[in-house]
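Q: Okay, handing you the structure first.
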Amino acid sequence: MDGGPVAVVTGAARGIGAATVHRLAATGWRVVAVDLCRDDPDLGYPLGTRAQLTSVAAPYGGAVVDVVADVRDAESLGAAVALAHDTFGGLDAAVAAAAVMTGGRPLWETTTADWAPMFDIGVHGMANLARAAIPVMLRRPEPRTGRFVGVASAAAHHGMWHLSGYNSAKHAVVGLIKGLAHDLRGTGITATAVSPGSTRTDLLAETARLYDLADADEFAEHQLLDRILEPEEVAAAITWLCSPESAAVTGTVVQADGGFLS
């Protein structure tokens with residue numbers, strides 16, 4: 001199938017992942033949109049559904065293919081990447097947006113098991129995507145413009161009360177991206193992260209619940225914009241990082257955080 005560049009996006013059923021699929025597709029990309037599409041008993045809130053993932057792909061016909069896969073399962077994730085190559089003829093970008101939230105207690109009252117979903121999905125899942133996607137991007141002839149983008153968080157740079165596990169996982173994301181960028185030296189493929197501030201997603205709603213807040217909009221006071229970000233605003237930064245124009249940016253973090261860290 002001839003057309004524009006090709007991307008794989010995880011965590012694509014809703015939130016920043018879904019917004020990224022929409023923005024990429026609207027600007028000419030072909031996309032394989034990946035999500036787990038089932039709840040996890042270790043989490044206290046519902047995850048994205050099959051219907052939501054289908055609705056993300058539906059407006060674009062064959063230009064967006066929706067795939068149910070678990071980023072913790074390297075084999076199923078590899079199959080999703082292979083589908084991108086086989087359907088669209090290659091791969092130019094991979095966006096790791098799959099992440100979950102747990103927390104609500106001080107560190108000394110949590111266990112390793114409490115942290116496991118955040119690392120298994122948000123860190124190990126990102127590494128699985130890199131392992132699957134980078135070899136396929138390397139098949140492109142030189143000069144390459146491959147892109148690997150991981151979604152981090154303001155929590156990767158700033159301590160959060162009762163969210164030490166989430167802090168740790170997002171710091172790990174930044175470390176993964178920095179190491180990957182060095183591994184990619186000289187290949188033409190870059191690795192970057194985006195750190196959103198408080199963004200209107202289900203994950204932010206879960207954070208508000210953990211903090212016993214009546215409304216997630218209360219987080220707006222931490223951002224210079226004095227409002228919650230929309231997923232589409234973060235997706236704009238991710239989409240730019242996927243483009244050839246971002247070639248000078250690698251091994252670093254773009255803070256699309258509304259001034260959270262300023």
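Please note that chains go A, B, ... in the order of the structure tokens, that every chain numbers its residues from 1, and that ligands are numbered from 1 in the order shown.
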Taking the DSSP secondary structure from the backbone, can you list the residues of region 125-162 of chain A that are strand (DSSP E), as a VMD selection string?
A: chain A and resid 147 to 151
Q: Please, which residues in region 233-261 of chain A fall within 8 Å of region 203-226 of chain A when counting only C-alpha atoms, and what is the closest atom pair and distance in Å to one decimal for each, ordered by chain then residue number, as JSON lines?
A:
```
{"residue": "A:Asp257", "atom": "CA", "partner": "A:Gln223", "partner_atom": "CA", "distance": 7.4}
{"residue": "A:Gly258", "atom": "CA", "partner": "A:Gln223", "partner_atom": "CA", "distance": 5.4}
{"residue": "A:Gly259", "atom": "CA", "partner": "A:Leu224", "partner_atom": "CA", "distance": 4.7}
{"residue": "A:Phe260", "atom": "CA", "partner": "A:Gln223", "partner_atom": "CA", "distance": 4.3}
{"residue": "A:Leu261", "atom": "CA", "partner": "A:Gln223", "partner_atom": "CA", "distance": 7.8}
```
Q: Give me the residues of region 126-245 of chain A that have any atom at most 10 Å from an atom of region 5-11 of chain A; for each, the nearest atom pair and the distance in Å, rounded to one decimal. Use only C-alpha atoms, sort by chain and number, and format it as CSV.
A:
```
residue,atom,partner,partner_atom,distance
A:Met126,CA,A:Thr10,CA,8.9
A:Leu129,CA,A:Thr10,CA,8.5
A:Ala133,CA,A:Val8,CA,8.3
A:Met137,CA,A:Val6,CA,9.9
A:Gly146,CA,A:Ala7,CA,9.6
A:Arg147,CA,A:Ala7,CA,9.0
A:Phe148,CA,A:Ala7,CA,9.6
A:Val149,CA,A:Val9,CA,9.5
A:Gly150,CA,A:Thr10,CA,9.9
A:Cys242,CA,A:Ala7,CA,8.6
A:Ser243,CA,A:Pro5,CA,9.2
```
Q: Limited to C-alpha atoms, could you put the picked residues into a file as a compact mmCIF listing (two decimals), in the first residue's frame?
A:
```txt
# COMPACT_ATOMS: atom_id res chain seq x y z
CA MET A 126 8.60 0.45 26.07
CA LEU A 129 8.60 -1.88 21.57
CA ALA A 133 10.64 -1.65 16.15
CA MET A 137 13.38 0.82 11.12
CA GLY A 146 13.53 6.78 11.97
CA ARG A 147 12.09 7.99 15.26
CA PHE A 148 11.46 6.36 18.63
CA VAL A 149 9.40 8.46 21.04
CA GLY A 150 8.56 7.50 24.61
CA CYS A 242 8.25 11.76 14.64
CA SER A 243 8.98 14.01 11.67
```
Q: Kindly provide the residues of region 64-96 of chain A that approach region 13-33 of chain A to within 9 Å, each paired with its closest atom pair and their distance in Å to one decimal, based on only C-alpha atoms, listed by chain and increasing number, as a tab-separated table.
A:
```
residue	atom	partner	partner_atom	distance
A:Val64	CA	A:Val31	CA	4.7
A:Val65	CA	A:Val32	CA	4.8
A:Asp66	CA	A:Ala33	CA	4.7
A:Val67	CA	A:Ala33	CA	6.0
A:Val68	CA	A:Ala33	CA	8.4
A:Ala80	CA	A:Val32	CA	7.2
A:Val81	CA	A:Val32	CA	7.8
A:Leu83	CA	A:Val32	CA	7.8
A:Ala84	CA	A:Val32	CA	6.0
A:Phe88	CA	A:Arg30	CA	7.2
A:Val95	CA	A:Gly17	CA	8.1
A:Ala96	CA	A:Gly17	CA	8.1
```
Q: Write out, as a PDB file, in the first residue's frame, the residues just selected, with N, CA, C and O atoms.
A:
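New file result27.pdb:
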```pdb
ATOM      1  N   VAL A  64      -5.212   3.426   9.061  1.00  0.00           N
ATOM      2  CA  VAL A  64      -4.954   3.091  10.464  1.00  0.00           C
ATOM      3  C   VAL A  64      -5.502   1.695  10.726  1.00  0.00           C
ATOM      4  O   VAL A  64      -6.677   1.421  10.472  1.00  0.00           O
ATOM      5  N   VAL A  65      -4.646   0.821  11.211  1.00  0.00           N
ATOM      6  CA  VAL A  65      -5.026  -0.550  11.544  1.00  0.00           C
ATOM      7  C   VAL A  65      -4.975  -0.694  13.057  1.00  0.00           C
ATOM      8  O   VAL A  65      -3.949  -0.382  13.675  1.00  0.00           O
ATOM      9  N   ASP A  66      -6.063  -1.147  13.651  1.00  0.00           N
ATOM     10  CA  ASP A  66      -6.097  -1.313  15.103  1.00  0.00           C
ATOM     11  C   ASP A  66      -5.782  -2.758  15.467  1.00  0.00           C
ATOM     12  O   ASP A  66      -6.314  -3.693  14.867  1.00  0.00           O
ATOM     13  N   VAL A  67      -4.913  -2.922  16.460  1.00  0.00           N
ATOM     14  CA  VAL A  67      -4.409  -4.234  16.851  1.00  0.00           C
ATOM     15  C   VAL A  67      -4.470  -4.360  18.372  1.00  0.00           C
ATOM     16  O   VAL A  67      -3.979  -3.481  19.087  1.00  0.00           O
ATOM     17  N   VAL A  68      -5.054  -5.433  18.845  1.00  0.00           N
ATOM     18  CA  VAL A  68      -5.038  -5.733  20.276  1.00  0.00           C
ATOM     19  C   VAL A  68      -3.756  -6.493  20.584  1.00  0.00           C
ATOM     20  O   VAL A  68      -3.512  -7.575  20.041  1.00  0.00           O
ATOM     21  N   ALA A  80       2.640  -7.012  15.976  1.00  0.00           N
ATOM     22  CA  ALA A  80       2.049  -5.728  15.585  1.00  0.00           C
ATOM     23  C   ALA A  80       3.017  -4.922  14.730  1.00  0.00           C
ATOM     24  O   ALA A  80       2.624  -4.293  13.733  1.00  0.00           O
ATOM     25  N   VAL A  81       4.298  -4.941  15.103  1.00  0.00           N
ATOM     26  CA  VAL A  81       5.312  -4.244  14.312  1.00  0.00           C
ATOM     27  C   VAL A  81       5.458  -4.907  12.942  1.00  0.00           C
ATOM     28  O   VAL A  81       5.558  -4.221  11.906  1.00  0.00           O
ATOM     29  N   LEU A  83       3.180  -6.450  11.351  1.00  0.00           N
ATOM     30  CA  LEU A  83       1.994  -6.079  10.577  1.00  0.00           C
ATOM     31  C   LEU A  83       2.177  -4.717   9.921  1.00  0.00           C
ATOM     32  O   LEU A  83       1.786  -4.515   8.762  1.00  0.00           O
ATOM     33  N   ALA A  84       2.779  -3.776  10.654  1.00  0.00           N
ATOM     34  CA  ALA A  84       3.044  -2.459  10.062  1.00  0.00           C
ATOM     35  C   ALA A  84       3.939  -2.591   8.842  1.00  0.00           C
ATOM     36  O   ALA A  84       3.686  -1.975   7.792  1.00  0.00           O
ATOM     37  N   PHE A  88       2.159  -1.866   5.292  1.00  0.00           N
ATOM     38  CA  PHE A  88       2.494  -0.541   4.760  1.00  0.00           C
ATOM     39  C   PHE A  88       3.887  -0.460   4.149  1.00  0.00           C
ATOM     40  O   PHE A  88       4.274   0.586   3.638  1.00  0.00           O
ATOM     41  N   VAL A  95       5.935   4.984  18.741  1.00  0.00           N
ATOM     42  CA  VAL A  95       5.564   5.846  19.861  1.00  0.00           C
ATOM     43  C   VAL A  95       5.070   4.957  20.999  1.00  0.00           C
ATOM     44  O   VAL A  95       4.070   4.257  20.862  1.00  0.00           O
ATOM     45  N   ALA A  96       5.780   4.995  22.114  1.00  0.00           N
ATOM     46  CA  ALA A  96       5.423   4.192  23.280  1.00  0.00           C
ATOM     47  C   ALA A  96       4.629   5.054  24.251  1.00  0.00           C
ATOM     48  O   ALA A  96       5.202   5.784  25.070  1.00  0.00           O
TER      49      ALA A  96
END
```
Q: Excluding Pro244 (chain A) and residues on its chain fewer than 2 positions from it, collect all residues at most 12 Å away from it, counting only C-alpha atoms, and give them as a list in words.
A: Pro5, Asp92, Ala93, Pro143, Arg144, Thr145, Gly146, Arg147, Gly188, Ile189, Thr190, Thr239, Trp240, Leu241, Cys242, Ser246, Ala247, Ala248 and Val249 of chain A
Q: Kindly indicate which residue among A:Gly44, A:Pro135, A:Pro59, A:Gly165 lies nearest to Val123 (chain A), using only C-alpha atoms for the distances.
A: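 Going through A:Gly44, A:Pro135, A:Pro59, A:Gly165 one by one, the smallest distance to Val123 (chain A) is for A:Gly165.
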Q: Could you write out, as a PyMOL selection string, all the residues of region 16-238 of chain A that DSSP marks as helix (DSSP H, G or I)?
A: chain A and resi 16-26+50-63+74-88+107-109+112-137+154-156+164-183+202-210+216-222+231-238
Q: Grab the residues selected above and save them as a short mmCIF file (atom, residue, chain, number, x, y, z; two decimals), in the first residue's frame with C-alpha atoms.
A:
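result.cif, freshly written:
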```cif
data_model
loop_
_atom_site.label_atom_id
_atom_site.label_comp_id
_atom_site.auth_asym_id
_atom_site.auth_seq_id
_atom_site.Cartn_x
_atom_site.Cartn_y
_atom_site.Cartn_z
CA ILE A 16 -2.38 10.81 24.52
CA GLY A 17 -1.91 7.62 22.49
CA ALA A 18 -5.25 8.03 20.73
CA ALA A 19 -4.62 11.73 20.12
CA THR A 20 -1.24 10.85 18.60
CA VAL A 21 -2.81 8.35 16.22
CA HIS A 22 -5.34 10.98 15.12
CA ARG A 23 -2.69 13.63 14.56
CA LEU A 24 -0.33 11.33 12.69
CA ALA A 25 -3.11 10.00 10.45
CA ALA A 26 -4.40 13.51 9.77
CA ARG A 50 -11.78 -2.64 22.12
CA ALA A 51 -14.59 -0.30 21.08
CA GLN A 52 -12.46 2.75 21.88
CA LEU A 53 -9.53 1.40 19.86
CA THR A 54 -11.81 0.62 16.93
CA SER A 55 -13.24 4.13 17.04
CA VAL A 56 -9.74 5.62 16.86
CA ALA A 57 -8.99 3.73 13.64
CA ALA A 58 -12.41 4.00 12.01
CA PRO A 59 -12.18 7.50 10.46
CA TYR A 60 -9.09 6.65 8.41
CA GLY A 61 -10.10 3.52 6.56
CA GLY A 62 -7.10 1.35 5.78
CA ALA A 63 -4.61 4.04 6.78
CA ALA A 74 7.17 -9.25 23.29
CA GLU A 75 5.79 -11.77 20.81
CA SER A 76 2.43 -10.07 20.32
CA LEU A 77 4.08 -6.66 20.14
CA GLY A 78 6.52 -7.97 17.57
CA ALA A 79 3.58 -9.22 15.55
CA ALA A 80 2.05 -5.73 15.58
CA VAL A 81 5.31 -4.24 14.31
CA ALA A 82 5.55 -6.94 11.63
CA LEU A 83 1.99 -6.08 10.58
CA ALA A 84 3.04 -2.46 10.06
CA HIS A 85 5.90 -3.59 7.84
CA ASP A 86 3.86 -6.13 5.92
CA THR A 87 0.81 -3.87 5.45
CA PHE A 88 2.49 -0.54 4.76
CA LEU A 107 6.78 4.35 49.84
CA TRP A 108 7.21 2.38 53.05
CA GLU A 109 3.60 1.21 52.84
CA THR A 112 7.20 -4.27 44.78
CA ALA A 113 3.94 -5.81 43.56
CA ASP A 114 2.25 -2.41 43.93
CA TRP A 115 4.78 -0.98 41.50
CA ALA A 116 4.83 -3.86 39.05
CA PRO A 117 2.15 -2.66 36.57
CA MET A 118 3.85 0.70 36.06
CA PHE A 119 7.21 -0.89 35.30
CA ASP A 120 5.86 -3.86 33.37
CA ILE A 121 3.73 -1.69 31.06
CA GLY A 122 5.42 1.71 31.09
CA VAL A 123 9.09 0.67 31.13
CA HIS A 124 9.43 -2.98 30.11
CA GLY A 125 6.69 -2.48 27.54
CA MET A 126 8.60 0.45 26.07
CA ALA A 127 11.75 -1.63 25.89
CA ASN A 128 9.79 -4.38 24.15
CA LEU A 129 8.60 -1.88 21.57
CA ALA A 130 12.15 -0.69 20.95
CA ARG A 131 13.38 -4.27 20.56
CA ALA A 132 10.67 -4.97 18.01
CA ALA A 133 10.64 -1.65 16.15
CA ILE A 134 14.28 -0.60 15.84
CA PRO A 135 15.40 -3.59 13.71
CA VAL A 136 12.52 -2.89 11.31
CA MET A 137 13.38 0.82 11.12
CA ALA A 154 6.60 15.71 34.62
CA ALA A 155 6.96 13.02 37.29
CA ALA A 156 10.20 12.02 35.57
CA SER A 164 7.12 7.25 44.37
CA GLY A 165 6.53 4.24 42.14
CA TYR A 166 5.23 6.39 39.31
CA ASN A 167 8.17 8.76 39.83
CA SER A 168 10.55 5.82 39.59
CA ALA A 169 8.96 4.35 36.47
CA LYS A 170 8.97 7.65 34.61
CA HIS A 171 12.57 8.35 35.59
CA ALA A 172 13.34 4.92 34.15
CA VAL A 173 11.66 5.94 30.89
CA VAL A 174 14.02 8.90 30.55
CA GLY A 175 17.01 6.69 31.29
CA LEU A 176 15.86 4.16 28.70
CA ILE A 177 15.53 6.88 26.05
CA LYS A 178 18.95 8.35 26.81
CA GLY A 179 20.61 4.94 26.59
CA LEU A 180 18.73 4.02 23.43
CA ALA A 181 19.79 7.27 21.74
CA HIS A 182 23.43 6.35 22.31
CA ASP A 183 22.83 2.85 20.96
CA ASP A 202 -8.11 8.78 32.37
CA LEU A 203 -4.72 8.49 34.02
CA LEU A 204 -5.06 12.01 35.42
CA ALA A 205 -8.55 11.18 36.64
CA GLU A 206 -7.07 8.19 38.49
CA THR A 207 -4.42 10.46 40.01
CA ALA A 208 -7.17 12.78 41.25
CA ARG A 209 -8.94 9.79 42.79
CA LEU A 210 -5.76 8.70 44.56
CA ALA A 216 -8.79 16.73 38.14
CA ASP A 217 -8.88 20.41 37.12
CA GLU A 218 -7.46 21.16 40.57
CA PHE A 219 -4.07 20.09 39.19
CA ALA A 220 -4.11 23.15 36.91
CA GLU A 221 -2.65 25.32 39.67
CA HIS A 222 0.73 23.62 39.15
CA PRO A 231 -4.12 15.25 24.81
CA GLU A 232 -4.04 16.83 21.36
CA GLU A 233 -1.50 19.40 22.59
CA VAL A 234 0.90 16.72 23.76
CA ALA A 235 0.26 14.75 20.57
CA ALA A 236 1.40 17.77 18.56
CA ALA A 237 4.82 17.60 20.21
CA ILE A 238 5.03 13.84 19.68
#
```
Q: Could you give me, as a list in words, the residues within 8 Å of Arg105 (chain A), counting only C-alpha atoms and dropping anything in the same chain fewer than 5 positions from it?
A: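 Listing them by chain and then by number gives Thr110, His162 and Leu163 of chain A.
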Q: Once you have the residues from the selection above, write them out as a PDB file, in the first residue's frame, restricted to N, CA, C and O atoms.
A:
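Result saved to again_12.pdb:
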```
ATOM      1  N   THR A 110       4.152   0.540  50.567  1.00  0.00           N
ATOM      2  CA  THR A 110       3.928  -0.131  49.291  1.00  0.00           C
ATOM      3  C   THR A 110       4.866  -1.319  49.160  1.00  0.00           C
ATOM      4  O   THR A 110       5.864  -1.430  49.875  1.00  0.00           O
ATOM      5  N   HIS A 162       3.182  10.611  47.442  1.00  0.00           N
ATOM      6  CA  HIS A 162       2.523   9.298  47.433  1.00  0.00           C
ATOM      7  C   HIS A 162       2.524   8.630  46.052  1.00  0.00           C
ATOM      8  O   HIS A 162       1.715   7.749  45.784  1.00  0.00           O
ATOM      9  N   LEU A 163       3.436   9.064  45.190  1.00  0.00           N
ATOM     10  CA  LEU A 163       3.546   8.462  43.858  1.00  0.00           C
ATOM     11  C   LEU A 163       5.006   8.084  43.565  1.00  0.00           C
ATOM     12  O   LEU A 163       5.488   8.243  42.445  1.00  0.00           O
TER      13      LEU A 163
END
```
Q: Please, what distance in Å, to one decimal, runs between CA of Arg140 (chain A) and CA of Ala94 (chain A)?
A: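 Going from CA of Arg140 (chain A) over to CA of Ala94 (chain A) covers 14.0 Å.
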Q: From the options A:Gly251, A:Val34, A:Arg200, A:Asp73, which residue's atoms come nearest to Arg227 (chain A), counting only C-alpha atoms?
A: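 Between A:Gly251, A:Val34, A:Arg200, A:Asp73, the residue approaching Arg227 (chain A) most closely is A:Arg200.
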Q: Just how far from CA of Thr192 (chain A) is CA of Glu245 (chain A), in Å to one decimal?
A: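 Value for the CA of Glu245 (chain A)-CA of Thr192 (chain A) distance: 13.5 Å.
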Q: Smallest atom-to-atom distance to Ser195 (chain A): which of A:Arg139, A:Ala97, A:Thr102, A:Thr111, using only C-alpha atoms?
A: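 Counting only C-alpha atoms, the residue closest to Ser195 (chain A) is A:Ala97.
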